[in-house]
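See below for query-v2.cif, which holds mmCIF, C-alpha atoms.
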data_work
#
loop_
_atom_site.label_atom_id
_atom_site.label_comp_id
_atom_site.auth_asym_id
_atom_site.auth_seq_id
_atom_site.Cartn_x
_atom_site.Cartn_y
_atom_site.Cartn_z
CA MET A 10 29.88 -1.22 -51.55
CA SER A 11 26.92 -2.75 -53.36
CA THR A 12 26.98 -5.82 -51.08
CA ILE A 13 27.12 -3.64 -47.95
CA MET A 14 24.48 -1.11 -49.03
CA ASP A 15 22.04 -3.09 -51.17
CA ARG A 16 22.18 -6.70 -50.13
CA ALA A 17 23.53 -8.04 -46.84
CA LEU A 18 22.80 -5.44 -44.12
CA PRO A 19 19.36 -4.45 -42.78
CA ASP A 20 18.22 -0.83 -42.56
CA VAL A 21 18.00 0.36 -38.95
CA ARG A 22 14.54 1.91 -39.57
CA ASP A 23 12.50 -1.09 -40.79
CA GLY A 24 15.03 -3.86 -40.09
CA LEU A 25 14.75 -5.30 -43.61
CA LYS A 26 17.26 -6.09 -46.33
CA PRO A 27 16.27 -4.97 -49.87
CA SER A 28 15.25 -8.52 -50.91
CA GLN A 29 12.93 -8.90 -47.89
CA ARG A 30 11.46 -5.44 -48.37
CA ARG A 31 10.74 -6.10 -52.07
CA ILE A 32 9.00 -9.41 -51.31
CA LEU A 33 6.69 -7.67 -48.81
CA VAL A 34 6.01 -4.81 -51.27
CA ALA A 35 5.11 -7.37 -53.99
CA MET A 36 2.80 -9.18 -51.53
CA ASN A 37 1.22 -5.84 -50.64
CA ASP A 38 0.67 -5.15 -54.37
CA LEU A 39 -1.09 -8.55 -54.61
CA ASN A 40 -3.18 -7.56 -51.53
CA LEU A 41 -2.21 -10.76 -49.66
CA ARG A 42 -3.54 -9.61 -46.30
CA PRO A 43 -4.32 -11.96 -43.37
CA ASN A 44 -8.05 -11.93 -44.30
CA ARG A 45 -7.36 -13.03 -47.91
CA LYS A 46 -6.63 -16.56 -49.07
CA HIS A 47 -3.07 -17.78 -49.55
CA LEU A 48 -1.45 -17.43 -52.98
CA LYS A 49 1.13 -19.66 -54.69
CA CYS A 50 4.71 -18.73 -53.75
CA ALA A 51 5.71 -19.10 -57.41
CA LYS A 52 3.42 -16.14 -58.22
CA ILE A 53 4.77 -14.04 -55.33
CA CYS A 54 8.42 -14.77 -56.29
CA GLY A 55 7.66 -14.15 -59.98
CA ASP A 56 6.11 -10.75 -59.24
CA THR A 57 9.00 -9.80 -56.93
CA SER A 58 11.54 -10.78 -59.58
CA GLY A 59 9.67 -9.14 -62.46
CA ASN A 60 8.80 -5.87 -60.71
CA TYR A 61 11.46 -5.13 -58.11
CA HIS A 62 14.29 -7.67 -57.65
CA PRO A 63 15.65 -8.90 -61.02
CA HIS A 64 17.66 -11.84 -59.71
CA GLY A 65 15.45 -14.85 -60.50
CA GLU A 66 12.74 -16.47 -58.36
CA SER A 67 15.05 -19.27 -57.19
CA VAL A 68 17.08 -16.81 -55.06
CA ILE A 69 13.97 -14.95 -53.82
CA TYR A 70 12.14 -18.08 -52.57
CA PRO A 71 14.64 -18.93 -49.75
CA THR A 72 14.25 -15.37 -48.41
CA LEU A 73 10.44 -15.74 -48.45
CA VAL A 74 10.74 -19.11 -46.68
CA GLY A 75 13.02 -17.58 -44.02
CA MET A 76 10.36 -14.95 -43.16
CA ALA A 77 7.80 -17.76 -42.65
CA GLN A 78 9.78 -20.20 -40.46
CA LYS A 79 8.72 -19.76 -36.83
CA TRP A 80 12.00 -21.20 -35.44
CA LYS A 81 13.96 -18.46 -37.25
CA MET A 82 11.68 -15.42 -36.71
CA ARG A 83 10.46 -14.24 -33.28
CA VAL A 84 7.32 -12.87 -34.99
CA ASN A 85 6.67 -14.15 -38.53
CA LEU A 86 6.14 -11.64 -41.34
CA VAL A 87 4.82 -14.30 -43.76
CA ASP A 88 1.97 -16.76 -43.05
CA PRO A 89 2.91 -20.07 -44.75
CA GLN A 90 0.73 -22.88 -46.07
CA GLY A 91 2.35 -26.15 -47.11
CA ASN A 92 5.77 -27.65 -46.44
CA PHE A 93 8.12 -24.80 -45.46
CA GLY A 94 10.80 -27.09 -44.03
CA SER A 95 11.29 -27.96 -40.38
CA ILE A 96 13.57 -27.31 -37.41
CA LEU A 97 15.09 -30.76 -38.11
CA GLY A 98 16.77 -29.30 -41.21
CA ASP A 99 14.34 -30.60 -43.87
CA ALA A 100 14.21 -28.49 -47.04
CA PRO A 101 10.94 -26.73 -47.98
CA ALA A 102 8.85 -27.96 -50.91
CA ALA A 103 9.31 -26.24 -54.30
CA MET A 104 7.55 -22.88 -54.66
CA ARG A 105 4.96 -24.31 -57.07
CA TYR A 106 3.58 -26.43 -54.18
CA THR A 107 3.58 -23.88 -51.34
CA GLU A 108 1.38 -20.85 -50.66
CA ALA A 109 1.74 -17.73 -48.51
CA ARG A 110 0.21 -14.44 -47.42
CA MET A 111 1.25 -11.60 -45.09
CA TYR A 112 0.99 -11.84 -41.33
CA HIS A 113 -0.39 -8.96 -39.21
CA ALA A 114 3.16 -7.73 -38.40
CA ALA A 115 3.91 -7.30 -42.15
CA VAL A 116 0.63 -5.38 -42.61
CA ASP A 117 1.73 -3.04 -39.79
CA MET A 118 5.08 -2.57 -41.56
CA MET A 119 3.11 -1.33 -44.62
CA ALA A 120 0.69 0.94 -42.71
CA ASP A 121 0.38 4.45 -44.27
CA LEU A 122 2.69 3.55 -47.18
CA LYS A 123 0.44 5.43 -49.63
CA LEU A 124 0.28 8.61 -47.51
CA ASP A 125 3.69 9.99 -48.64
CA THR A 126 5.32 8.79 -45.41
CA VAL A 127 8.54 7.45 -47.02
CA ASP A 128 10.68 8.20 -50.09
CA PHE A 129 10.21 6.18 -53.27
CA GLN A 130 12.74 5.37 -56.00
CA PRO A 131 12.33 3.99 -59.53
CA ASN A 132 12.62 0.20 -59.83
CA TYR A 133 15.35 -1.45 -61.94
CA ASP A 134 13.67 -0.66 -65.30
CA ASP A 135 12.00 2.68 -64.37
CA ARG A 136 8.52 1.16 -64.85
CA LEU A 137 7.38 1.35 -61.23
CA MET A 138 8.27 3.15 -58.01
CA GLU A 139 9.41 1.21 -54.94
CA PRO A 140 9.83 2.45 -51.33
CA THR A 141 13.41 2.95 -50.10
CA VAL A 142 12.21 1.98 -46.59
CA LEU A 143 8.87 0.89 -45.08
CA PRO A 144 6.92 3.05 -42.56
CA GLY A 145 7.51 0.22 -40.05
CA LYS A 146 4.86 0.59 -37.35
CA PHE A 147 6.15 -2.82 -36.15
CA PRO A 148 9.73 -2.55 -34.70
CA ASN A 149 11.05 -5.42 -36.83
CA LEU A 150 14.80 -5.02 -36.25
CA LEU A 151 14.49 -5.09 -32.45
CA ILE A 152 12.01 -8.00 -32.36
CA ASN A 153 13.22 -10.25 -35.20
CA GLY A 154 16.89 -9.28 -35.35
CA GLY A 155 18.77 -10.26 -38.49
CA MET A 156 21.80 -12.05 -39.91
CA GLY A 157 23.96 -10.96 -42.82
CA ILE A 158 27.47 -11.41 -44.17
CA ALA A 159 28.73 -8.43 -46.20
CA VAL A 160 32.28 -7.71 -47.38
CA GLY A 161 34.65 -7.06 -44.48
CA MET A 162 31.80 -7.05 -41.96
CA ALA A 163 28.94 -9.22 -40.74
CA THR A 164 25.81 -8.51 -38.73
CA SER A 165 24.17 -10.73 -36.13
CA LEU A 166 21.28 -8.99 -34.38
CA PRO A 167 19.46 -11.18 -31.82
CA PRO A 168 15.64 -11.39 -31.60
CA HIS A 169 13.83 -9.94 -28.57
CA ASN A 170 10.54 -10.39 -26.75
CA PRO A 171 7.84 -8.19 -28.42
CA VAL A 172 6.22 -7.02 -25.15
CA GLU A 173 9.61 -6.05 -23.69
CA VAL A 174 10.49 -4.12 -26.87
CA PHE A 175 7.17 -2.21 -26.96
CA ASP A 176 7.53 -1.31 -23.26
CA ALA A 177 11.16 -0.21 -23.77
CA ILE A 178 10.18 2.04 -26.71
CA THR A 179 7.38 3.59 -24.60
CA ARG A 180 9.76 4.20 -21.69
CA TYR A 181 12.36 5.74 -24.03
CA ILE A 182 9.73 8.13 -25.50
CA ASP A 183 8.68 9.14 -21.95
CA ASN A 184 12.31 9.70 -20.92
CA PRO A 185 14.99 9.78 -23.67
CA GLU A 186 17.71 10.09 -20.97
CA ILE A 187 16.76 6.76 -19.34
CA PRO A 188 19.94 4.82 -18.31
CA LEU A 189 20.58 1.49 -20.06
CA LEU A 190 20.45 -0.61 -16.87
CA GLU A 191 17.08 0.95 -15.99
CA LEU A 192 15.82 0.08 -19.47
CA MET A 193 16.91 -3.52 -18.86
CA SER A 194 15.00 -3.84 -15.57
CA ASP A 195 11.23 -3.83 -14.94
CA GLU A 196 9.44 -0.63 -13.96
CA LYS A 197 7.29 -1.07 -10.84
CA ASP A 198 4.64 1.04 -9.10
CA GLU A 199 4.53 1.86 -5.39
CA ALA A 200 2.73 -1.42 -4.61
CA GLY A 201 5.52 -3.39 -6.29
CA ASN A 202 3.48 -4.39 -9.35
CA VAL A 203 5.28 -4.44 -12.70
CA THR A 204 3.93 -1.65 -14.94
CA ARG A 205 6.45 -1.91 -17.81
CA LEU A 206 8.86 -4.74 -18.63
CA GLY A 207 12.58 -4.21 -19.21
CA ILE A 208 14.60 -5.86 -21.99
CA LYS A 209 16.38 -8.58 -19.99
CA GLY A 210 18.24 -9.97 -23.01
CA PRO A 211 17.71 -11.74 -26.34
CA ASP A 212 14.58 -13.93 -26.63
CA PHE A 213 15.21 -16.72 -29.13
CA PRO A 214 12.27 -18.40 -30.94
CA THR A 215 13.82 -21.85 -30.27
CA GLY A 216 14.00 -21.15 -26.51
CA GLY A 217 17.06 -22.13 -24.51
CA VAL A 218 18.80 -20.53 -21.54
CA ILE A 219 21.42 -17.74 -21.63
CA ARG A 220 24.21 -18.30 -19.10
CA GLY A 221 25.39 -15.09 -17.39
CA ARG A 222 24.54 -11.42 -18.04
CA ARG A 223 27.92 -9.81 -18.74
CA GLY A 224 27.80 -10.57 -22.49
CA ILE A 225 24.27 -9.10 -22.76
CA ILE A 226 25.20 -5.81 -20.99
CA GLU A 227 28.38 -5.52 -23.10
CA ALA A 228 26.43 -6.02 -26.33
CA TYR A 229 23.72 -3.51 -25.33
CA GLU A 230 26.33 -0.88 -24.39
CA THR A 231 28.79 -1.24 -27.28
CA GLY A 232 26.88 -3.17 -29.96
CA ARG A 233 29.18 -6.21 -29.68
CA GLY A 234 29.17 -9.11 -27.23
CA ARG A 235 29.05 -12.88 -26.82
CA VAL A 236 26.42 -14.89 -24.93
CA THR A 237 26.45 -18.61 -24.10
CA VAL A 238 23.13 -20.30 -24.97
CA ARG A 239 22.18 -23.74 -23.65
CA GLY A 240 19.33 -26.03 -24.63
CA ARG A 241 16.71 -26.79 -21.98
CA CYS A 242 16.30 -30.33 -20.59
CA HIS A 243 14.11 -32.08 -18.03
CA VAL A 244 14.22 -35.56 -16.43
CA GLU A 245 11.38 -38.13 -16.71
CA ASP A 246 10.98 -41.48 -14.91
CA MET A 247 10.65 -44.46 -17.26
CA GLY A 248 8.41 -46.35 -14.85
CA LYS A 249 8.87 -47.57 -11.28
CA ALA A 250 9.46 -51.16 -12.36
CA SER A 251 12.56 -50.31 -14.40
CA GLY A 252 13.93 -47.75 -11.94
CA ARG A 253 15.51 -45.87 -14.86
CA GLN A 254 15.24 -42.27 -15.99
CA GLN A 255 15.39 -40.45 -19.32
CA LEU A 256 16.69 -36.99 -20.17
CA VAL A 257 14.40 -35.03 -22.55
CA ILE A 258 15.67 -32.03 -24.57
CA ASP A 259 12.76 -29.56 -25.02
CA GLU A 260 14.61 -26.56 -26.45
CA ILE A 261 17.81 -26.20 -28.48
CA PRO A 262 20.11 -23.19 -29.00
CA TYR A 263 19.15 -20.68 -31.72
CA GLY A 264 20.53 -21.49 -35.16
CA VAL A 265 21.29 -25.16 -34.36
CA VAL A 266 19.79 -27.68 -36.84
CA GLN A 267 18.20 -30.50 -34.89
CA LYS A 268 19.00 -33.55 -37.06
CA PRO A 269 22.81 -33.04 -37.03
CA LEU A 270 22.58 -32.33 -33.26
CA VAL A 271 20.93 -35.74 -32.65
CA THR A 272 23.56 -37.39 -34.92
CA LYS A 273 26.35 -35.73 -32.90
CA ILE A 274 24.79 -36.95 -29.61
CA VAL A 275 24.68 -40.54 -30.96
CA GLU A 276 28.34 -40.24 -32.09
CA ALA A 277 29.40 -38.88 -28.67
CA VAL A 278 27.66 -41.83 -26.96
CA LYS A 279 29.35 -44.38 -29.28
CA GLU A 280 32.78 -42.80 -28.75
CA GLY A 281 32.33 -42.84 -24.96
CA ARG A 282 32.42 -39.06 -24.45
CA VAL A 283 28.84 -39.15 -23.13
CA GLU A 284 28.47 -42.11 -20.73
CA ASN A 285 25.62 -44.15 -19.19
CA VAL A 286 23.24 -43.72 -22.17
CA SER A 287 21.34 -46.74 -23.51
CA ASP A 288 19.29 -45.14 -26.32
CA VAL A 289 18.77 -41.81 -28.16
CA ARG A 290 15.46 -41.08 -29.95
CA ASP A 291 14.06 -38.03 -31.74
CA GLU A 292 10.35 -37.82 -30.87
CA SER A 293 9.79 -34.32 -32.32
CA GLY A 294 6.61 -33.87 -34.32
CA ARG A 295 3.19 -32.24 -34.15
CA MET A 296 2.91 -32.62 -30.38
CA ALA A 297 6.29 -30.95 -29.71
CA GLN A 298 8.58 -28.89 -31.96
CA THR A 299 11.61 -30.35 -30.14
CA ARG A 300 11.61 -33.56 -28.10
CA VAL A 301 14.86 -35.55 -28.09
CA VAL A 302 14.76 -38.45 -25.61
CA ILE A 303 18.02 -39.79 -24.12
CA GLU A 304 17.43 -43.03 -22.15
CA LEU A 305 19.86 -43.47 -19.25
CA LYS A 306 21.23 -46.70 -17.80
CA LYS A 307 20.16 -47.80 -14.34
CA GLY A 308 21.77 -45.73 -11.59
CA ALA A 309 23.05 -43.01 -13.98
CA ASP A 310 23.07 -39.40 -12.75
CA PRO A 311 21.04 -37.19 -15.20
CA ASN A 312 22.98 -34.03 -14.19
CA VAL A 313 26.32 -35.61 -15.14
CA VAL A 314 24.98 -36.73 -18.54
CA GLU A 315 23.46 -33.26 -19.12
CA ASN A 316 26.81 -31.56 -18.45
CA GLN A 317 28.57 -34.01 -20.78
CA LEU A 318 26.08 -33.09 -23.53
CA TYR A 319 26.81 -29.37 -23.02
CA GLN A 320 30.54 -30.06 -23.21
CA HIS A 321 30.69 -32.44 -26.20
CA THR A 322 27.71 -31.50 -28.45
CA ALA A 323 26.05 -28.40 -29.91
CA LEU A 324 23.54 -28.30 -27.01
CA GLN A 325 25.64 -25.38 -25.72
CA GLN A 326 26.62 -22.67 -28.20
CA THR A 327 28.17 -19.21 -28.16
CA PHE A 328 26.01 -16.61 -29.94
CA SER A 329 27.91 -13.54 -31.12
CA ILE A 330 25.94 -10.28 -31.02
CA ILE A 331 27.14 -7.79 -33.67
CA ASN A 332 24.61 -4.95 -33.99
CA ILE A 333 25.61 -3.53 -37.39
CA ALA A 334 22.83 -1.86 -39.40
CA LEU A 335 22.59 0.83 -42.10
CA VAL A 336 22.12 4.37 -40.78
CA ASN A 337 21.71 6.90 -43.62
CA ARG A 338 23.09 4.23 -46.01
CA GLN A 339 26.24 3.77 -43.89
CA PRO A 340 27.02 0.71 -41.72
CA ARG A 341 27.14 1.56 -37.99
CA THR A 342 27.66 -0.53 -34.84
CA LEU A 343 24.79 0.33 -32.50
CA GLY A 344 23.95 -0.23 -28.83
CA LEU A 345 20.42 -0.98 -27.63
CA LYS A 346 19.53 2.66 -26.90
CA ASP A 347 20.81 3.73 -30.34
CA LEU A 348 18.58 1.11 -32.01
CA ILE A 349 15.54 2.37 -30.07
CA ARG A 350 16.40 6.06 -30.67
CA LEU A 351 16.79 5.63 -34.44
CA TYR A 352 13.52 3.65 -34.66
CA VAL A 353 11.64 6.33 -32.67
CA GLU A 354 13.11 9.09 -34.91
CA HIS A 355 11.97 7.17 -38.02
CA ARG A 356 8.43 6.78 -36.65
CA GLY A 357 8.36 10.51 -35.75
CA GLU A 358 9.34 11.38 -39.35
CA VAL A 359 6.68 8.99 -40.74
CA ILE A 360 3.91 10.49 -38.56
CA ARG A 361 4.98 14.08 -39.42
CA ARG A 362 4.93 13.31 -43.17
CA ARG A 363 1.59 11.50 -42.89
CA THR A 364 0.02 14.47 -41.10
CA GLN A 365 1.38 16.94 -43.71
CA HIS A 366 -0.02 14.73 -46.51
CA LEU A 367 -3.47 14.53 -44.88
CA LEU A 368 -3.44 18.32 -44.35
CA ARG A 369 -2.55 18.92 -48.03
CA GLU A 370 -5.35 16.61 -49.19
CA ALA A 371 -7.85 18.27 -46.79
CA LYS A 372 -6.86 21.75 -48.10
CA LYS A 373 -7.34 20.60 -51.72
CA ARG A 374 -10.77 19.21 -50.86
CA ALA A 375 -11.69 22.38 -48.95
CA HIS A 376 -10.67 24.47 -52.02
CA VAL A 377 -13.01 22.40 -54.27
CA LEU A 378 -15.90 22.62 -51.76
CA GLU A 379 -15.47 26.42 -51.42
CA GLY A 380 -15.63 26.73 -55.21
CA MET A 381 -18.84 24.63 -55.28
CA ILE A 382 -20.43 26.77 -52.53
#
Let me see whether you can do it: turn the structure in this file into structure tokens.
Amino acid sequence: MSTIMDRALPDVRDGLKPSQRRILVAMNDLNLRPNRKHLKCAKICGDTSGNYHPHGESVIYPTLVGMAQKWKMRVNLVDPQGNFGSILGDAPAAMRYTEARMYHAAVDMMADLKLDTVDFQPNYDDRLMEPTVLPGKFPNLLINGGMGIAVGMATSLPPHNPVEVFDAITRYIDNPEIPLLELMSDEKDEAGNVTRLGIKGPDFPTGGVIRGRRGIIEAYETGRGRVTVRGRCHVEDMGKASGRQQLVIDEIPYGVVQKPLVTKIVEAVKEGRVENVSDVRDESGRMAQTRVVIELKKGADPNVVENQLYQHTALQQTFSIINIALVNRQPRTLGLKDLIRLYVEHRGEVIRRRTQHLLREAKKRAHVLEGMI
């Protein structure tokens, strides 16, 4: 029960697990806003461990790193400085060498926290109070998704395009009875111009192409589905003199580590499963997050080689969508409209509580001013 409720599954309202929420609260306490300078991660992890999450900094740091890696998060919550690892699979530097601060999205998650908008609970030693959920002006669960393995259940929420999510929330508020398929297609005016975007499907930070729509519709209706994700390739000429071509991988499926992928491609070439390849090079770096060059032999068909790569390597993957999140501290499997509805209800509650708080404070002030008069 503890693993399900207090560790592995995100809350449907702010989309955060307790460890992530506590790191952001500790960063908020340290006032690490986007206009402040970065602070050592060792200090952030130490404060999180000492004040809210008593499990040692070494287990907190990987969570902090995860919120800063742009190939894992659709919109980062943490702004990193230093070596935070790479898409190749390199490990980040130790926390004493790296620095961080909050990104704008994390600041939005904290907006109005001090205006009695959410419930607070005592921390592990009753010294401080911590929020049970964040006000969450930024729809984190829908945009960034989340992964978690609990006991007897796992969650795998895909990331989505921020503009599509904001438009979908607006359309749901305008018409709560909007059908799912309408929510997934663009809204157009009489002239045929797009006024609001629909959520077409997951939008992974590593790019790639989703093959087919059935899995997406199934997942959005029932909360469970499978989609096939392929990397994206293009063909380049190696010069007219040679008459040869090369296949360049620009994007890889979400969750695939690039270095083992390149190793698997080399192995497949050596074993003869991928034919007509003369060389494989990884040219990824500052100029391109992903650029894997596959040189082809003279007269080779790039389309045939590309299909062999999809068949025999991790360049084509199946991504399982399992939309399980905590609703009133209970795990629920949720469709797309449920996720939007519960987020909108949470924001409505936050705004109502904020308004009541401001009214109370204004009445107190008015009482003092009347006494003075």
| field | Test item: residues at most 8 Å from Glu245 (chain A), only C-alpha atoms, excluding those fewer than 2 positions along its chain, as an NGL selection string | value | :A and (243 or 247 or 254-257)
| field | Distance in Å - CA of Ser58 (chain A) versus CA of Val359 (chain A) | value | 27.7 Å
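When all atoms listed in the file are used to measure the gap to Leu324 (chain A), the shortest distance among A:Lys209, A:Lys46, A:Lys79, A:Lys273 belongs to A:Lys273.
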| task | Using the chain letters and residue numbers of this document, give as JSON, numbers by chain the residues selected by the PyMOL selection byres ((chain A and resi 32) around 9). | result | {"A": [27, 28, 29, 30, 31, 33, 34, 35, 36, 37, 53, 54, 56, 57, 58, 61, 62, 69, 72, 73]}
| task | Starting from the point (15.6, -37.7, -28.5), work out which residues of protein, DNA or RNA have an atom no more than 6 Å away when counting all atoms listed in the file; state them as a PyMOL selection string. | result | chain A and resi 289-292+300-303
| task | Show which residues sit within 12 Å of region 363-375 of chain A, as a PyMOL selection string. Count only C-alpha atoms, and ignore same-chain residues fewer than 6 positions away. | result | chain A and resi 120-127+144+356-357+381-382
| task | Check the smallest atom-to-atom distance from each of A:Val203, A:Val314, A:Leu192, A:Val21 to Pro148 (chain A) using only C-alpha atoms, then report the winner. | result | A:Val21
| field | Residue members of the PyMOL selection byres ((chain A and resi 219) around 8) in the file shown, as a list in words | value |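 Matching residues under the PyMOL selection byres ((chain A and resi 219) around 8) are Gly217, Val218, Arg220, Gly221, Arg222, Val236, Thr237, Val238 and Arg239 of chain A.
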Would you mind exporting C-alpha atoms of the selected residues as an mmCIF file, in the coordinates of the input?
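After the write, out22.cif holds the following:
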data_model
loop_
_atom_site.group_PDB
_atom_site.id
_atom_site.type_symbol
_atom_site.label_atom_id
_atom_site.label_comp_id
_atom_site.auth_asym_id
_atom_site.auth_seq_id
_atom_site.Cartn_x
_atom_site.Cartn_y
_atom_site.Cartn_z
ATOM 1 C CA GLY A 217 17.060 -22.130 -24.510
ATOM 2 C CA VAL A 218 18.800 -20.530 -21.540
ATOM 3 C CA ARG A 220 24.210 -18.300 -19.100
ATOM 4 C CA GLY A 221 25.390 -15.090 -17.390
ATOM 5 C CA ARG A 222 24.540 -11.420 -18.040
ATOM 6 C CA VAL A 236 26.420 -14.890 -24.930
ATOM 7 C CA THR A 237 26.450 -18.610 -24.100
ATOM 8 C CA VAL A 238 23.130 -20.300 -24.970
ATOM 9 C CA ARG A 239 22.180 -23.740 -23.650
#
| message | Residue by residue, what does the PyMOL selection byres ((chain A and resi 78) around 9) grab here? Present the result as a list in words. | response | Val74, Gly75, Met76, Ala77, Lys79, Trp80, Lys81, Met82, Asn85, Val87, Asp88, Pro89, Phe93, Gly94, Ser95 and Ile96 of chain A
| query | CA of Met118 (chain A) and CA of Val172 (chain A) are how many Å apart? | reply |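 These two atoms are separated by 17.0 Å.
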| Point (22.0, 1.8, -32.0) neighbourhood (12 Å, all atoms listed in the file) written as a ChimeraX atom specification | /A:20-22,150-151,166,228-233,331-336,340-354
